[in-house]
>>> print(open('target_19.txt').read())   # compact mmCIF, C-alpha atoms and all ligand atoms
# COMPACT_ATOMS: atom_id res chain seq x y z
CA MET U 24 16.20 -18.15 -2.21
CA SER U 25 17.18 -15.72 -4.95
CA ILE U 26 15.24 -15.36 -8.20
CA LYS U 27 17.00 -15.32 -11.55
CA ALA U 28 14.85 -14.78 -14.60
CA ASP U 29 14.83 -13.61 -18.17
CA TYR U 30 12.57 -10.76 -19.35
CA LEU U 31 12.60 -9.77 -23.04
CA GLY U 32 16.03 -11.37 -23.27
CA MET U 33 17.57 -9.46 -20.38
CA PRO U 34 18.51 -10.99 -17.04
CA LEU U 35 16.60 -10.00 -13.90
CA THR U 36 17.87 -11.01 -10.47
CA ILE U 37 16.47 -10.54 -6.96
CA ASP U 38 19.02 -11.43 -4.31
CA GLU U 39 18.08 -13.86 -1.55
CA PHE U 40 18.87 -11.21 1.08
CA ASP U 41 16.50 -8.71 -0.54
CA GLY U 42 13.52 -9.88 1.49
CA GLU U 43 11.32 -6.88 0.75
CA ASN U 44 11.57 -7.22 -3.02
CA LEU U 45 11.21 -11.01 -2.92
CA ALA U 46 7.95 -10.57 -0.99
CA TYR U 47 6.75 -7.75 -3.24
CA PHE U 48 7.31 -9.65 -6.50
CA ARG U 49 5.99 -12.91 -5.04
CA HIS U 50 2.68 -11.16 -4.41
CA CYS U 51 2.79 -9.81 -7.98
CA ALA U 52 3.40 -13.35 -9.25
CA GLY U 53 0.05 -14.25 -7.71
CA HIS U 54 -1.45 -11.27 -9.58
CA ALA U 55 -2.19 -9.54 -6.29
CA PHE U 56 -0.75 -6.12 -5.51
CA HIS U 57 0.50 -5.71 -1.95
CA LEU U 58 2.42 -2.93 -0.24
CA GLN U 59 4.02 -2.62 3.18
CA GLN U 60 1.96 -0.85 5.82
CA CYS U 61 3.91 0.73 8.64
CA GLY U 62 3.27 -0.83 12.05
CA ALA U 63 3.70 2.52 13.80
CA CYS U 64 2.10 5.25 11.63
CA ASN U 65 -0.03 2.93 9.42
CA LEU U 66 1.03 4.63 6.17
CA LEU U 67 1.63 2.51 3.09
CA ARG U 68 4.89 2.91 1.20
CA TYR U 69 6.35 2.28 -2.23
CA PRO U 70 8.86 1.08 -3.30
CA PRO U 71 9.48 -1.76 -0.81
CA THR U 72 11.98 -0.74 1.86
CA THR U 73 13.20 -1.92 5.26
CA ALA U 74 11.96 1.13 7.18
CA CYS U 75 9.11 3.61 6.96
CA PRO U 76 10.18 6.74 5.02
CA TRP U 77 8.04 8.95 7.26
CA CYS U 78 8.57 7.63 10.80
CA MET U 79 11.57 5.27 10.37
CA SER U 80 9.82 2.35 12.05
CA PRO U 81 11.16 -1.05 10.87
CA GLN U 82 7.80 -2.71 11.66
CA SER U 83 5.52 -3.41 8.72
CA LYS U 84 3.06 -5.88 7.29
CA TRP U 85 2.00 -6.64 3.72
CA VAL U 86 -1.54 -5.58 2.88
CA PRO U 87 -3.53 -5.83 -0.38
CA VAL U 88 -3.86 -2.52 -2.24
CA GLU U 89 -6.17 -1.75 -5.16
CA GLY U 90 -4.18 -1.33 -8.36
CA LYS U 91 -6.03 1.70 -9.72
CA GLY U 92 -4.99 5.26 -10.29
CA GLU U 93 -4.16 7.96 -12.78
CA VAL U 94 -1.08 8.86 -14.76
CA HIS U 95 1.03 11.45 -12.89
CA ALA U 96 3.88 11.57 -15.43
CA TYR U 97 5.05 9.69 -18.48
CA THR U 98 8.00 9.19 -20.78
CA GLU U 99 7.51 8.03 -24.36
CA VAL U 100 10.57 6.14 -25.52
CA HIS U 101 11.37 6.07 -29.23
CA HIS U 102 15.04 5.11 -29.04
CA ALA U 103 15.56 2.24 -26.63
CA ILE U 104 18.87 2.39 -24.78
CA GLN U 105 18.27 -1.11 -23.43
CA PRO U 106 18.35 -3.49 -26.45
CA ALA U 107 15.61 -5.66 -24.89
CA PHE U 108 13.08 -2.91 -25.62
CA LYS U 109 14.23 -2.09 -29.15
CA ALA U 110 11.52 -4.21 -30.79
CA HIS U 111 8.84 -2.57 -28.64
CA THR U 112 9.37 1.12 -29.41
CA PRO U 113 7.60 3.41 -29.03
CA TYR U 114 6.68 2.44 -25.49
CA LEU U 115 5.57 4.34 -22.40
CA VAL U 116 7.03 4.44 -18.91
CA LEU U 117 4.28 5.59 -16.56
CA LEU U 118 4.37 7.01 -13.07
CA VAL U 119 0.91 6.40 -11.64
CA ASP U 120 -0.69 7.98 -8.57
CA LEU U 121 -2.64 5.26 -6.78
CA ASP U 122 -6.11 6.25 -5.60
CA THR U 123 -5.22 4.67 -2.26
CA GLN U 124 -3.54 7.13 0.11
CA LYS U 125 -3.45 9.94 -2.47
CA GLY U 126 -2.79 13.28 -0.76
CA LYS U 127 -1.26 11.72 2.36
CA PRO U 128 0.76 12.41 4.45
CA SER U 129 0.82 15.81 2.71
CA GLN U 130 -1.32 17.12 -0.15
CA HIS U 131 1.60 16.62 -2.57
CA ASP U 132 2.26 13.00 -1.65
CA ALA U 133 0.93 9.87 -3.31
CA LEU U 134 1.96 6.28 -3.79
CA ARG U 135 3.52 6.65 -7.26
CA VAL U 136 4.03 3.28 -8.88
CA VAL U 137 6.15 2.96 -12.01
CA GLY U 138 5.39 0.56 -14.86
CA ASN U 139 5.05 0.34 -18.62
CA LEU U 140 1.82 0.85 -20.51
CA ALA U 141 0.62 -2.66 -21.30
CA ALA U 142 -2.21 -4.38 -23.11
CA PRO U 143 -4.79 -6.03 -20.82
CA ASP U 144 -2.83 -9.31 -21.11
CA GLY U 145 0.29 -7.69 -19.63
CA THR U 146 2.33 -7.52 -22.84
CA LEU U 147 3.77 -4.14 -23.82
CA ALA U 148 1.12 -1.95 -25.46
CA PRO U 149 0.95 -1.54 -29.25
CA PRO U 150 1.40 1.96 -30.83
CA GLU U 151 -2.28 3.06 -30.77
CA PRO U 152 -2.77 3.20 -26.99
CA VAL U 153 0.78 4.54 -26.58
CA LYS U 154 -0.38 7.62 -28.53
CA ALA U 155 -3.60 7.98 -26.52
CA VAL U 156 -2.36 7.90 -22.92
CA GLY U 157 -1.21 11.05 -21.12
CA ILE U 158 -1.24 12.76 -17.75
CA GLY U 159 -4.62 12.16 -16.15
CA THR U 160 -5.45 8.90 -17.96
CA ARG U 161 -7.13 6.42 -15.65
CA VAL U 162 -5.29 3.09 -15.53
CA ARG U 163 -5.51 -0.25 -13.78
CA MET U 164 -2.78 -2.68 -12.88
CA VAL U 165 -2.05 -5.84 -14.86
CA PHE U 166 0.86 -8.23 -14.48
CA SER U 167 3.54 -9.51 -16.83
CA ASP U 168 4.50 -13.04 -15.80
CA VAL U 169 8.27 -13.49 -15.92
CA ALA U 170 9.18 -16.55 -13.82
CA PRO U 171 7.89 -18.52 -10.82
CA GLY U 172 7.79 -15.98 -7.97
CA LEU U 173 8.22 -13.01 -10.29
CA ALA U 174 5.74 -10.92 -12.25
CA LEU U 175 6.06 -7.25 -13.13
CA PRO U 176 3.24 -4.84 -12.28
CA GLN U 177 2.25 -2.90 -15.39
CA TRP U 178 -0.51 -0.48 -16.30
CA THR U 179 -3.30 -0.69 -18.83
CA ILE U 180 -6.07 1.77 -19.71
CA ASP U 181 -8.99 1.31 -17.29
CA GLU U 182 -11.85 0.55 -19.68
CA ASP U 183 -14.49 1.04 -16.97
CA ALA U 184 -13.27 4.41 -15.70
CA ALA U 185 -14.37 7.89 -16.78
CA GLN U 186 -11.44 9.25 -18.79
CA PRO U 187 -10.37 12.89 -19.18
CA ALA U 188 -11.56 14.41 -22.48
CA LYS U 189 -7.96 15.15 -23.43
CA PRO U 190 -5.17 13.81 -21.25
CA TRP U 191 -2.15 16.12 -21.19
CA ARG U 192 0.54 15.15 -23.73
CA TYR U 193 3.67 16.82 -24.93
CA PRO U 194 2.88 18.86 -28.06
CA GLN U 195 2.99 16.49 -31.03
CA GLU U 196 4.81 17.09 -34.29
ZN ZN U 201 5.61 4.90 9.67
>>> encode(input="target_19.txt", output="structure tokens")
Amino acid sequence: MSIKADYLGMPLTIDEFDGENLAYFRHCAGHAFHLQQCGACNLLRYPPTTACPWCMSPQSKWVPVEGKGEVHAYTEVHHAIQPAFKAHTPYLVLLVDLDTQKGKPSQHDALRVVGNLAAPDGTLAPPEPVKAVGIGTRVRMVFSDVAPGLALPQWTIDEDAAQPAKPWRYPQE
């Protein structure tokens, strides 16, 4: 069954034939992060796909994965192209290296999971933390509930982690 939902006033749809994404977001709706593990080479993958990007095997199973990592790259958006985000600028789009499977299968690989910077309750973060986060910041996953069977994985500052003294940021005005 497909999912049709509304997030910040914009429509989100997952087609009924998109089994991988339905399963992925259903796990998120239960506030549990799961990824597919290849049945042949055992590597995890992200985003959800029908076949393993490294060995092409179509066999996989969903396994729980810890939602912790560090910021690999970020974009700070001041002018929202999508009107749904206009009221939330400035906001951050984060690409986060998970601790799990970092450096595999090669030293440059990682499971890099995209999400916005959020408050601990899953709502988009206010301006103060948006200014404080940069490359190297330790983050943990939280979820934004959207609809039954659909929550979005987001990132919030990991309050319990040791943080870099000065995460890398673009030079500020
Ligand atoms: Zn594989």
>>> axis_aligned_box(input="target_19.txt", around="segment 79-88 of chain U", padding_each_side="6 Å", output="JSON")
{"center_x": 3.9, "center_y": -0.7, "center_z": 4.9, "size_x": 27.4, "size_y": 23.9, "size_z": 26.3}
>>> atom_distance(input="target_19.txt", atom1="atom CA of Phe56 of chain U", atom2="atom CA of Gly145 of chain U")
14.2 Å
>>> closest_residue(input="target_19.txt", among="U:Gly90, U:Gly172, U:Pro76, U:Pro106", to="ligand ZN 201 (chain U)", atoms="only C-alpha atoms and all ligand atoms")
U:Pro76
>>> residues_around(input="target_19.txt", residues="segment 175-187 of chain U", least_positions_apart="5", cutoff="7 Å", atoms="only C-alpha atoms", output="list in words")
Cys51, Gly138, Asn139, Leu140, Ala141, Ala142, Pro143, Gly145, Gly159, Thr160, Arg161, Val162, Arg163, Met164, Val165, Phe166, Ser167 and Asp168 of chain U
>>> write_last_selection(input="target_19.txt", atoms="C-alpha atoms", output="compact mmCIF listing (two decimals), keeping the file's coordinate frame")
# COMPACT_ATOMS: atom_id res chain seq x y z
CA CYS U 51 2.79 -9.81 -7.98
CA GLY U 138 5.39 0.56 -14.86
CA ASN U 139 5.05 0.34 -18.62
CA LEU U 140 1.82 0.85 -20.51
CA ALA U 141 0.62 -2.66 -21.30
CA ALA U 142 -2.21 -4.38 -23.11
CA PRO U 143 -4.79 -6.03 -20.82
CA GLY U 145 0.29 -7.69 -19.63
CA GLY U 159 -4.62 12.16 -16.15
CA THR U 160 -5.45 8.90 -17.96
CA ARG U 161 -7.13 6.42 -15.65
CA VAL U 162 -5.29 3.09 -15.53
CA ARG U 163 -5.51 -0.25 -13.78
CA MET U 164 -2.78 -2.68 -12.88
CA VAL U 165 -2.05 -5.84 -14.86
CA PHE U 166 0.86 -8.23 -14.48
CA SER U 167 3.54 -9.51 -16.83
CA ASP U 168 4.50 -13.04 -15.80
>>> closest_atom_pairs(input="target_19.txt", of="chain U", to="ligand ZN 201 (chain U)", cutoff="10 Å", atoms="all atoms listed in the file", output="JSON lines")
{"residue": "U:Gln60", "atom": "CA", "partner": "U:ZN201", "partner_atom": "ZN", "distance": 7.8}
{"residue": "U:Cys61", "atom": "CA", "partner": "U:ZN201", "partner_atom": "ZN", "distance": 4.6}
{"residue": "U:Gly62", "atom": "CA", "partner": "U:ZN201", "partner_atom": "ZN", "distance": 6.6}
{"residue": "U:Ala63", "atom": "CA", "partner": "U:ZN201", "partner_atom": "ZN", "distance": 5.1}
{"residue": "U:Cys64", "atom": "CA", "partner": "U:ZN201", "partner_atom": "ZN", "distance": 4.0}
{"residue": "U:Asn65", "atom": "CA", "partner": "U:ZN201", "partner_atom": "ZN", "distance": 6.0}
{"residue": "U:Leu66", "atom": "CA", "partner": "U:ZN201", "partner_atom": "ZN", "distance": 5.8}
{"residue": "U:Leu67", "atom": "CA", "partner": "U:ZN201", "partner_atom": "ZN", "distance": 8.1}
{"residue": "U:Arg68", "atom": "CA", "partner": "U:ZN201", "partner_atom": "ZN", "distance": 8.7}
{"residue": "U:Ala74", "atom": "CA", "partner": "U:ZN201", "partner_atom": "ZN", "distance": 7.8}
{"residue": "U:Cys75", "atom": "CA", "partner": "U:ZN201", "partner_atom": "ZN", "distance": 4.6}
{"residue": "U:Pro76", "atom": "CA", "partner": "U:ZN201", "partner_atom": "ZN", "distance": 6.8}
{"residue": "U:Trp77", "atom": "CA", "partner": "U:ZN201", "partner_atom": "ZN", "distance": 5.3}
{"residue": "U:Cys78", "atom": "CA", "partner": "U:ZN201", "partner_atom": "ZN", "distance": 4.2}
{"residue": "U:Met79", "atom": "CA", "partner": "U:ZN201", "partner_atom": "ZN", "distance": 6.0}
{"residue": "U:Ser80", "atom": "CA", "partner": "U:ZN201", "partner_atom": "ZN", "distance": 5.5}
{"residue": "U:Pro81", "atom": "CA", "partner": "U:ZN201", "partner_atom": "ZN", "distance": 8.2}
{"residue": "U:Gln82", "atom": "CA", "partner": "U:ZN201", "partner_atom": "ZN", "distance": 8.2}
{"residue": "U:Ser83", "atom": "CA", "partner": "U:ZN201", "partner_atom": "ZN", "distance": 8.4}
>>> closest_residue(input="target_19.txt", among="U:Ala110, U:Val136, U:Ile104, U:Val156", to="Lys91 of chain U", atoms="all atoms listed in the file")
U:Val136
>>> closest_residue(input="target_19.txt", among="U:His102, U:Tyr193, U:Ala170, U:Ala107", to="Arg49 of chain U", atoms="all atoms listed in the file")
U:Ala170
>>> closest_residue(input="target_19.txt", among="U:Thr112, U:Ser129, U:Gln59, U:Thr123", to="Glu151 of chain U", atoms="all atoms listed in the file")
U:Thr112
>>> atom_distance(input="target_19.txt", atom1="atom CA of Asp29 of chain U", atom2="atom CA of Leu173 of chain U")
10.3 Å
>>> atom_distance(input="target_19.txt", atom1="atom CA of Arg192 of chain U", atom2="atom CA of Pro70 of chain U")
26.2 Å
>>> closest_residue(input="target_19.txt", among="U:Leu58, U:Ile26, U:Tyr114, U:Lys127", to="Pro150 of chain U", atoms="all atoms listed in the file")
U:Tyr114
>>> closest_residue(input="target_19.txt", among="U:Trp85, U:Leu118, U:Gly53, U:Leu31", to="Thr98 of chain U", atoms="only C-alpha atoms")
U:Leu118
>>> residues_near_point(input="target_19.txt", point="(12.9, -9.7, -7.5)", cutoff="7 Å", atoms="all atoms listed in the file", output="list in words")
Ile26, Thr36, Ile37, Asn44, Leu45, Phe48 and Leu173 of chain U
